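Asker: One file is attached below, protein27.cif, containing mmCIF, N, CA and C atoms.
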data_data
#
loop_
_atom_site.label_atom_id
_atom_site.label_comp_id
_atom_site.auth_asym_id
_atom_site.auth_seq_id
_atom_site.Cartn_x
_atom_site.Cartn_y
_atom_site.Cartn_z
N MET V 28 22.01 5.32 -14.12
CA MET V 28 21.81 6.08 -15.34
C MET V 28 21.22 5.18 -16.43
N MET V 29 21.80 3.99 -16.60
CA MET V 29 21.29 3.07 -17.61
C MET V 29 19.86 2.64 -17.29
N ALA V 30 19.58 2.43 -16.00
CA ALA V 30 18.23 2.03 -15.61
C ALA V 30 17.23 3.13 -15.95
N ALA V 31 17.62 4.38 -15.71
CA ALA V 31 16.73 5.50 -16.03
C ALA V 31 16.48 5.57 -17.53
N LEU V 32 17.53 5.39 -18.33
CA LEU V 32 17.36 5.41 -19.79
C LEU V 32 16.47 4.26 -20.24
N PHE V 33 16.66 3.09 -19.63
CA PHE V 33 15.83 1.93 -19.97
C PHE V 33 14.36 2.23 -19.67
N LEU V 34 14.10 2.83 -18.50
CA LEU V 34 12.73 3.15 -18.14
C LEU V 34 12.12 4.16 -19.11
N LEU V 35 12.91 5.15 -19.50
CA LEU V 35 12.40 6.12 -20.46
C LEU V 35 12.07 5.45 -21.79
N LYS V 36 12.94 4.56 -22.23
CA LYS V 36 12.69 3.86 -23.49
C LYS V 36 11.46 2.97 -23.35
N CYS V 37 11.34 2.27 -22.23
CA CYS V 37 10.17 1.41 -22.02
C CYS V 37 8.90 2.23 -21.96
N SER V 38 8.96 3.38 -21.29
CA SER V 38 7.81 4.26 -21.19
C SER V 38 7.37 4.72 -22.58
N HIS V 39 8.32 5.12 -23.38
CA HIS V 39 8.02 5.55 -24.75
C HIS V 39 7.45 4.37 -25.56
N PHE V 40 8.08 3.23 -25.45
CA PHE V 40 7.64 2.02 -26.15
C PHE V 40 6.22 1.67 -25.72
N TRP V 41 5.96 1.74 -24.43
CA TRP V 41 4.64 1.43 -23.87
C TRP V 41 3.57 2.30 -24.50
N ARG V 42 3.85 3.59 -24.62
CA ARG V 42 2.86 4.52 -25.17
C ARG V 42 2.56 4.24 -26.64
N LEU V 43 3.48 3.62 -27.34
CA LEU V 43 3.26 3.30 -28.74
C LEU V 43 2.21 2.21 -28.92
N PHE V 44 2.08 1.33 -27.93
CA PHE V 44 1.22 0.16 -28.09
C PHE V 44 -0.01 0.14 -27.18
N VAL V 45 -0.16 1.12 -26.31
CA VAL V 45 -1.31 1.16 -25.41
C VAL V 45 -2.08 2.46 -25.66
N ASP V 46 -3.34 2.32 -26.01
CA ASP V 46 -4.14 3.52 -26.24
C ASP V 46 -4.51 4.18 -24.92
N LYS V 47 -4.95 5.40 -24.99
CA LYS V 47 -5.24 6.20 -23.80
C LYS V 47 -6.30 5.55 -22.91
N ALA V 48 -7.34 4.97 -23.50
CA ALA V 48 -8.40 4.34 -22.72
C ALA V 48 -7.86 3.14 -21.94
N THR V 49 -7.02 2.34 -22.60
CA THR V 49 -6.43 1.19 -21.92
C THR V 49 -5.49 1.64 -20.82
N GLN V 50 -4.72 2.67 -21.08
CA GLN V 50 -3.82 3.21 -20.06
C GLN V 50 -4.62 3.66 -18.84
N THR V 51 -5.73 4.35 -19.08
CA THR V 51 -6.58 4.81 -17.99
C THR V 51 -7.15 3.62 -17.21
N GLU V 52 -7.58 2.59 -17.91
CA GLU V 52 -8.11 1.39 -17.24
C GLU V 52 -7.03 0.73 -16.38
N LEU V 53 -5.83 0.65 -16.89
CA LEU V 53 -4.73 0.04 -16.13
C LEU V 53 -4.39 0.87 -14.91
N GLU V 54 -4.35 2.18 -15.07
CA GLU V 54 -4.07 3.05 -13.94
C GLU V 54 -5.17 2.94 -12.88
N ALA V 55 -6.42 2.87 -13.32
CA ALA V 55 -7.54 2.73 -12.37
C ALA V 55 -7.46 1.40 -11.63
N ALA V 56 -7.09 0.34 -12.32
CA ALA V 56 -6.95 -0.97 -11.68
C ALA V 56 -5.83 -0.93 -10.64
N ALA V 57 -4.72 -0.29 -10.98
CA ALA V 57 -3.61 -0.17 -10.03
C ALA V 57 -4.03 0.65 -8.82
N PHE V 58 -4.80 1.71 -9.04
CA PHE V 58 -5.30 2.54 -7.95
C PHE V 58 -6.21 1.72 -7.02
N ARG V 59 -7.10 0.94 -7.62
CA ARG V 59 -8.00 0.10 -6.80
C ARG V 59 -7.20 -0.89 -5.96
N GLU V 60 -6.15 -1.45 -6.52
CA GLU V 60 -5.30 -2.38 -5.76
C GLU V 60 -4.59 -1.66 -4.62
N LEU V 61 -4.12 -0.45 -4.87
CA LEU V 61 -3.48 0.35 -3.81
C LEU V 61 -4.47 0.59 -2.67
N ILE V 62 -5.70 0.96 -3.02
CA ILE V 62 -6.72 1.21 -2.00
C ILE V 62 -7.01 -0.06 -1.20
N LYS V 63 -7.19 -1.19 -1.89
CA LYS V 63 -7.43 -2.46 -1.19
C LYS V 63 -6.27 -2.79 -0.27
N HIS V 64 -5.06 -2.57 -0.74
CA HIS V 64 -3.86 -2.86 0.05
C HIS V 64 -3.84 -2.00 1.32
N LEU V 65 -4.12 -0.71 1.18
CA LEU V 65 -4.13 0.18 2.34
C LEU V 65 -5.27 -0.16 3.29
N GLN V 66 -6.42 -0.58 2.76
CA GLN V 66 -7.53 -0.97 3.62
C GLN V 66 -7.21 -2.24 4.40
N LYS V 67 -6.48 -3.14 3.78
CA LYS V 67 -6.10 -4.39 4.45
C LYS V 67 -5.02 -4.15 5.50
N HIS V 68 -4.11 -3.24 5.21
CA HIS V 68 -2.97 -3.01 6.11
C HIS V 68 -3.21 -1.80 7.01
N THR V 69 -4.16 -1.98 7.91
CA THR V 69 -4.51 -0.92 8.84
C THR V 69 -3.40 -0.64 9.85
N GLU V 70 -2.44 -1.55 9.95
CA GLU V 70 -1.31 -1.31 10.85
C GLU V 70 -0.39 -0.22 10.33
N VAL V 71 -0.49 0.09 9.04
CA VAL V 71 0.32 1.15 8.46
C VAL V 71 -0.35 2.48 8.80
N GLN V 72 0.34 3.27 9.58
CA GLN V 72 -0.20 4.54 10.02
C GLN V 72 0.02 5.63 8.97
N ASN V 73 -0.88 6.58 8.92
CA ASN V 73 -0.77 7.68 7.97
C ASN V 73 0.53 8.45 8.15
N ILE V 74 0.94 8.65 9.38
CA ILE V 74 2.17 9.42 9.60
C ILE V 74 3.38 8.68 9.02
N ASP V 75 3.36 7.35 9.08
CA ASP V 75 4.45 6.57 8.48
C ASP V 75 4.46 6.74 6.97
N LEU V 76 3.27 6.75 6.36
CA LEU V 76 3.18 6.99 4.92
C LEU V 76 3.71 8.38 4.59
N MET V 77 3.35 9.37 5.39
CA MET V 77 3.81 10.73 5.14
C MET V 77 5.33 10.82 5.25
N ILE V 78 5.90 10.15 6.23
CA ILE V 78 7.35 10.18 6.42
C ILE V 78 8.06 9.51 5.25
N LEU V 79 7.57 8.37 4.85
CA LEU V 79 8.25 7.58 3.82
C LEU V 79 7.92 8.03 2.39
N ALA V 80 6.66 8.39 2.14
CA ALA V 80 6.24 8.61 0.76
C ALA V 80 5.66 10.01 0.51
N ASP V 81 5.53 10.80 1.57
CA ASP V 81 5.00 12.16 1.45
C ASP V 81 3.55 12.20 0.96
N PHE V 82 2.80 11.15 1.25
CA PHE V 82 1.35 11.13 1.03
C PHE V 82 0.76 10.13 2.00
N CYS V 83 -0.55 10.24 2.22
CA CYS V 83 -1.24 9.30 3.11
C CYS V 83 -2.65 9.05 2.56
N ARG V 84 -3.44 8.33 3.32
CA ARG V 84 -4.81 8.04 2.90
C ARG V 84 -5.62 9.33 2.71
N ASN V 85 -5.40 10.31 3.60
CA ASN V 85 -6.12 11.57 3.47
C ASN V 85 -5.73 12.30 2.20
N CYS V 86 -4.47 12.23 1.82
CA CYS V 86 -4.02 12.83 0.55
C CYS V 86 -4.75 12.18 -0.61
N LEU V 87 -4.84 10.85 -0.60
CA LEU V 87 -5.56 10.15 -1.66
C LEU V 87 -7.01 10.63 -1.74
N ALA V 88 -7.63 10.82 -0.58
CA ALA V 88 -9.01 11.29 -0.56
C ALA V 88 -9.12 12.71 -1.13
N LYS V 89 -8.15 13.54 -0.81
CA LYS V 89 -8.15 14.91 -1.36
C LYS V 89 -7.97 14.87 -2.87
N TRP V 90 -7.07 14.05 -3.36
CA TRP V 90 -6.84 13.93 -4.80
C TRP V 90 -8.08 13.37 -5.50
N TYR V 91 -8.74 12.42 -4.85
CA TYR V 91 -9.96 11.83 -5.41
C TYR V 91 -11.05 12.90 -5.51
N THR V 92 -11.21 13.67 -4.44
CA THR V 92 -12.21 14.74 -4.42
C THR V 92 -11.91 15.77 -5.52
N ALA V 93 -10.66 16.16 -5.64
CA ALA V 93 -10.28 17.14 -6.67
C ALA V 93 -10.54 16.60 -8.07
N ALA V 94 -10.21 15.33 -8.30
CA ALA V 94 -10.45 14.72 -9.62
C ALA V 94 -11.94 14.69 -9.93
N ALA V 95 -12.75 14.37 -8.92
CA ALA V 95 -14.20 14.35 -9.12
C ALA V 95 -14.72 15.74 -9.46
N GLN V 96 -14.28 16.73 -8.71
CA GLN V 96 -14.72 18.10 -8.96
C GLN V 96 -14.31 18.58 -10.34
N GLU V 97 -13.09 18.24 -10.77
CA GLU V 97 -12.63 18.63 -12.11
C GLU V 97 -13.53 18.06 -13.21
N ARG V 98 -14.16 16.93 -12.91
CA ARG V 98 -15.02 16.26 -13.89
C ARG V 98 -16.50 16.51 -13.64
N GLY V 99 -16.81 17.43 -12.72
CA GLY V 99 -18.19 17.78 -12.45
C GLY V 99 -18.96 16.73 -11.68
N VAL V 100 -18.25 15.87 -10.95
CA VAL V 100 -18.88 14.82 -10.15
C VAL V 100 -18.91 15.28 -8.70
N ALA V 101 -20.08 15.17 -8.08
CA ALA V 101 -20.25 15.64 -6.71
C ALA V 101 -19.76 14.58 -5.72
N VAL V 102 -18.52 14.71 -5.29
CA VAL V 102 -17.95 13.86 -4.25
C VAL V 102 -17.27 14.79 -3.26
N ASP V 103 -17.73 14.76 -2.01
CA ASP V 103 -17.05 15.62 -1.03
C ASP V 103 -15.94 14.84 -0.33
N TYR V 104 -15.16 15.55 0.45
CA TYR V 104 -13.98 14.99 1.09
C TYR V 104 -14.33 13.80 2.00
N GLU V 105 -15.40 13.92 2.77
CA GLU V 105 -15.78 12.83 3.68
C GLU V 105 -16.21 11.59 2.89
N GLN V 106 -16.91 11.78 1.79
CA GLN V 106 -17.27 10.63 0.94
C GLN V 106 -16.02 9.98 0.36
N ALA V 107 -15.09 10.79 -0.06
CA ALA V 107 -13.84 10.27 -0.62
C ALA V 107 -13.05 9.52 0.46
N ARG V 108 -13.00 10.06 1.67
CA ARG V 108 -12.28 9.37 2.75
C ARG V 108 -12.93 8.02 3.05
N GLU V 109 -14.24 7.97 3.04
CA GLU V 109 -14.91 6.69 3.28
C GLU V 109 -14.56 5.68 2.19
N MET V 110 -14.45 6.15 0.96
CA MET V 110 -14.06 5.26 -0.13
C MET V 110 -12.62 4.78 0.06
N ILE V 111 -11.73 5.67 0.45
CA ILE V 111 -10.33 5.31 0.62
C ILE V 111 -10.14 4.41 1.84
N TYR V 112 -10.75 4.76 2.95
CA TYR V 112 -10.59 4.00 4.19
C TYR V 112 -11.42 2.72 4.23
N GLY V 113 -12.47 2.65 3.42
CA GLY V 113 -13.34 1.48 3.43
C GLY V 113 -14.38 1.52 4.54
N MET V 114 -14.48 2.65 5.20
CA MET V 114 -15.43 2.88 6.30
C MET V 114 -15.38 4.36 6.62
N PRO V 115 -16.34 4.86 7.40
CA PRO V 115 -16.24 6.27 7.78
C PRO V 115 -14.91 6.54 8.49
N TYR V 116 -14.32 7.69 8.18
CA TYR V 116 -13.00 8.03 8.72
C TYR V 116 -12.97 7.94 10.24
N GLN V 117 -13.97 8.49 10.90
CA GLN V 117 -13.98 8.50 12.36
C GLN V 117 -13.93 7.07 12.91
N GLU V 118 -14.63 6.15 12.27
CA GLU V 118 -14.61 4.74 12.69
C GLU V 118 -13.21 4.16 12.51
N TRP V 119 -12.59 4.42 11.36
CA TRP V 119 -11.22 3.92 11.11
C TRP V 119 -10.26 4.49 12.15
N LYS V 120 -10.39 5.77 12.40
CA LYS V 120 -9.51 6.44 13.36
C LYS V 120 -9.63 5.81 14.75
N GLU V 121 -10.85 5.56 15.19
CA GLU V 121 -11.06 4.96 16.50
C GLU V 121 -10.53 3.54 16.58
N LYS V 122 -10.66 2.78 15.49
CA LYS V 122 -10.22 1.39 15.48
C LYS V 122 -8.72 1.22 15.29
N TYR V 123 -8.12 2.04 14.44
CA TYR V 123 -6.77 1.74 13.97
C TYR V 123 -5.71 2.80 14.18
N GLN V 124 -6.11 4.06 14.31
CA GLN V 124 -5.09 5.10 14.40
C GLN V 124 -4.48 5.15 15.79
N LEU V 125 -3.17 5.11 15.82
CA LEU V 125 -2.43 5.20 17.07
C LEU V 125 -1.93 6.63 17.26
N GLU V 126 -1.64 6.97 18.49
CA GLU V 126 -1.03 8.27 18.77
C GLU V 126 0.38 8.27 18.17
N ALA V 127 0.72 9.34 17.48
CA ALA V 127 2.05 9.44 16.89
C ALA V 127 3.10 9.50 18.00
N THR V 128 4.18 8.78 17.78
CA THR V 128 5.28 8.78 18.76
C THR V 128 6.13 10.03 18.56
N ALA V 129 6.95 10.32 19.55
CA ALA V 129 7.88 11.45 19.45
C ALA V 129 8.81 11.26 18.26
N GLU V 130 9.23 10.02 18.03
CA GLU V 130 10.13 9.72 16.91
C GLU V 130 9.44 9.97 15.57
N GLN V 131 8.19 9.54 15.46
CA GLN V 131 7.44 9.77 14.22
C GLN V 131 7.26 11.27 13.96
N LEU V 132 6.89 12.00 15.00
CA LEU V 132 6.69 13.44 14.84
C LEU V 132 7.99 14.14 14.45
N ALA V 133 9.10 13.72 15.04
CA ALA V 133 10.41 14.31 14.69
C ALA V 133 10.78 13.98 13.25
N ALA V 134 10.54 12.75 12.83
CA ALA V 134 10.85 12.36 11.45
C ALA V 134 9.97 13.12 10.47
N TYR V 135 8.71 13.29 10.80
CA TYR V 135 7.80 14.04 9.94
C TYR V 135 8.25 15.49 9.83
N GLN V 136 8.60 16.08 10.98
CA GLN V 136 9.06 17.48 10.98
C GLN V 136 10.32 17.64 10.15
N ALA V 137 11.26 16.69 10.27
CA ALA V 137 12.49 16.74 9.49
C ALA V 137 12.18 16.63 7.99
N LYS V 138 11.24 15.78 7.64
CA LYS V 138 10.84 15.62 6.24
C LYS V 138 10.27 16.94 5.71
N GLN V 139 9.42 17.58 6.49
CA GLN V 139 8.82 18.84 6.07
C GLN V 139 9.87 19.94 5.93
N GLN V 140 10.82 19.98 6.85
CA GLN V 140 11.87 21.00 6.78
C GLN V 140 12.78 20.76 5.57
N GLY V 141 12.95 19.50 5.21
CA GLY V 141 13.78 19.16 4.06
C GLY V 141 13.16 19.59 2.74
N LYS V 142 11.86 19.82 2.74
CA LYS V 142 11.16 20.25 1.53
C LYS V 142 11.28 21.75 1.31
N ALA V 143 11.62 22.47 2.36
CA ALA V 143 11.65 23.95 2.28
C ALA V 143 12.82 24.47 1.46
#
Can the structure in the file be given as structure tokens, please?

Answerer:
Amino acid sequence: MMAALFLLKCSHFWRLFVDKATQTELEAAAFRELIKHLQKHTEVQNIDLMILADFCRNCLAKWYTAAAQERGVAVDYEQAREMIYGMPYQEWKEKYQLEATAEQLAAYQAKQQGKA
């Protein structure tokens, strides 16, 4: 409880001293680091991300595409996936994607049922 209150206070304090443009720049930098991290760690499978965090590389590509469309920028899903994966999706899939195990599929299914 105290940690949550501290975070709320820090969040409020942060907004007092960081303008919107700087906040956007910081968020964009953090996003770029996330993308670099995911591109480097090809051993992390999308299904594992979905199980643990309820998003994956494809979700990021969908969000990127939606953000572009909201701003009138022509970026389609395949272009966004190439940006997220660092290569064409089909190439990444052939090089790095493993077949999901029975355990992974069961964990994913349990996660989805838990959301209902």

Asker: Could you tell me how far atom CA of V:Glu126 sits from atom CA of V:Thr69, in Å to one decimal place?

Answerer: 14.0 Å

Asker: Record the distance separating atom C of V:Gln66 and atom CA of V:Tyr112, expressed in Å with one decimal.

Answerer: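 We find that atom C of V:Gln66 and atom CA of V:Tyr112 lie 7.1 Å from each other.
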
Asker: Return the single residue from V:Ile74, V:Glu121, V:Ile111, V:Lys67 that is closest to V:Leu87, with distances computed using only N, CA and C atoms.

Answerer: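 Checking each of V:Ile74, V:Glu121, V:Ile111, V:Lys67 against V:Leu87, counting only N, CA and C atoms, the winner is V:Ile111.
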
Asker: Would you mind reading off the distance between atom N of V:Gln140 and atom C of V:Tyr91, one decimal, in Å?

Answerer: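 According to the coordinates, atom N of V:Gln140 and atom C of V:Tyr91 are separated by 26.1 Å.
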
Asker: Please write the residues picked by the PyMOL selection byres (((chain V and resi 55-62 and name CA) around 12) and name CA) on this file as a ChimeraX atom specification.

Answerer: /V:48-54,63-69,83-85,87-88,90-91,107-113

Asker: List every residue of stretch 30-110 of chain V that DSSP, applied to the backbone of this structure, places in helix (DSSP H, G or I), and write the result as a VMD selection string.

Answerer: chain V and resid 30 to 44 47 to 67 73 to 80 84 to 97 104 to 110
